[in-house]
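In what follows, a structure is listed as structure tokens, so that the remarks can point back to it.
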Amino acid sequence: MRLLSRAICCPHCGHHQHITIDASAGDQEYYDDCRICCNPIHIRMHLDDNRRMIELHVDSDDEQIY
């Protein structure tokens, strides 16, 4: 199990908080609530094994495409 701790910024209120991600389960997409404003944070994680990198995308999941 590869548990990593990362600091993210809430897309709603801007508060910085630490999350723990499990990199052993492959690509993941889930929601976690902000500890301050309680709004849902959309988190997408992609493991790039070739470059040995983890890409973490954090958004509010309410962006609109025009």
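Chain labels follow the order of the structure tokens: the first chain is A, the next B, and so on; residue numbering restarts at 1 in every chain, and ligands are counted from 1 in their shown order.
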Dump as a Markdown table the rows for residues of region 31-61 of chain A within 8 Å of region 12-20 of chain A: closest atom pair and distance in Å with one decimal, only C-alpha atoms counted, ordered by chain and rising residue number.
| residue | atom | partner | partner_atom | distance |
| --- | --- | --- | --- | --- |
| A:Arg35 | CA | A:Gln17 | CA | 7.8 |
| A:Ile36 | CA | A:His15 | CA | 7.2 |
| A:Cys37 | CA | A:Cys13 | CA | 6.6 |
| A:Asn39 | CA | A:His12 | CA | 7.1 |
| A:Ser60 | CA | A:His12 | CA | 6.7 |
List as a PDB file with all heavy atoms, in the first residue's frame the protein and nucleic acid residues near Asp49 (chain A), meaning an atom at most 12 Å away when only C-alpha atoms are counted, but skip any in the same chain fewer than 6 places from it.
ATOM      1  N   ALA A  23      -2.056   5.319  -3.530  1.00  0.00           N
ATOM      2  CA  ALA A  23      -1.560   5.195  -4.900  1.00  0.00           C
ATOM      3  C   ALA A  23      -1.434   3.743  -5.350  1.00  0.00           C
ATOM      4  O   ALA A  23      -1.071   3.489  -6.484  1.00  0.00           O
ATOM      5  CB  ALA A  23      -0.219   5.897  -5.025  1.00  0.00           C
ATOM      6  N   SER A  24      -1.761   2.794  -4.503  1.00  0.00           N
ATOM      7  CA  SER A  24      -1.619   1.387  -4.883  1.00  0.00           C
ATOM      8  C   SER A  24      -2.826   0.859  -5.644  1.00  0.00           C
ATOM      9  O   SER A  24      -2.764  -0.223  -6.217  1.00  0.00           O
ATOM     10  CB  SER A  24      -1.393   0.534  -3.633  1.00  0.00           C
ATOM     11  OG  SER A  24      -2.533   0.571  -2.802  1.00  0.00           O
ATOM     12  N   GLY A  26      -4.328   2.261  -8.341  1.00  0.00           N
ATOM     13  CA  GLY A  26      -4.441   2.735  -9.716  1.00  0.00           C
ATOM     14  C   GLY A  26      -5.190   4.054  -9.800  1.00  0.00           C
ATOM     15  O   GLY A  26      -5.338   4.775  -8.812  1.00  0.00           O
ATOM     16  N   ASP A  27      -5.667   4.383 -11.004  1.00  0.00           N
ATOM     17  CA  ASP A  27      -6.395   5.636 -11.219  1.00  0.00           C
ATOM     18  C   ASP A  27      -7.664   5.649 -10.369  1.00  0.00           C
ATOM     19  O   ASP A  27      -8.340   4.630 -10.234  1.00  0.00           O
ATOM     20  CB  ASP A  27      -6.766   5.801 -12.688  1.00  0.00           C
ATOM     21  CG  ASP A  27      -5.551   6.030 -13.571  1.00  0.00           C
ATOM     22  OD1 ASP A  27      -4.443   6.195 -13.036  1.00  0.00           O
ATOM     23  OD2 ASP A  27      -5.726   6.045 -14.801  1.00  0.00           O
ATOM     24  N   GLU A  55      -0.548  12.346 -11.021  1.00  0.00           N
ATOM     25  CA  GLU A  55      -1.223  13.587 -11.394  1.00  0.00           C
ATOM     26  C   GLU A  55      -2.491  13.690 -10.555  1.00  0.00           C
ATOM     27  O   GLU A  55      -3.325  12.790 -10.566  1.00  0.00           O
ATOM     28  CB  GLU A  55      -1.581  13.579 -12.877  1.00  0.00           C
ATOM     29  CG  GLU A  55      -0.386  13.525 -13.790  1.00  0.00           C
ATOM     30  CD  GLU A  55      -0.785  13.412 -15.247  1.00  0.00           C
ATOM     31  OE1 GLU A  55      -1.974  13.606 -15.574  1.00  0.00           O
ATOM     32  OE2 GLU A  55       0.100  13.106 -16.056  1.00  0.00           O
TER      33      GLU A  55
END
For this session: For Met45 (chain A), please output as a ChimeraX atom specification all residues within 12 Å (counting only C-alpha atoms; exclusion window: fewer than 3 positions along the same chain).
Result: /A:4,6,20-31,42,48,53-59
Problem set entry | Backbone DSSP call of strand (DSSP E) for chain A, listed as an MDAnalysis selection string | chainID A and resid 3:9 16:22 28:33 40:48 53:59
Exercise. Quick one: of A:Leu47, A:Asp62, A:Asp32, A:Ile41, who's nearest to Arg2 (chain A), counting only C-alpha atoms?
Worked result: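 Of A:Leu47, A:Asp62, A:Asp32, A:Ile41, the one nearest Arg2 (chain A) is A:Leu47, counting only C-alpha atoms.
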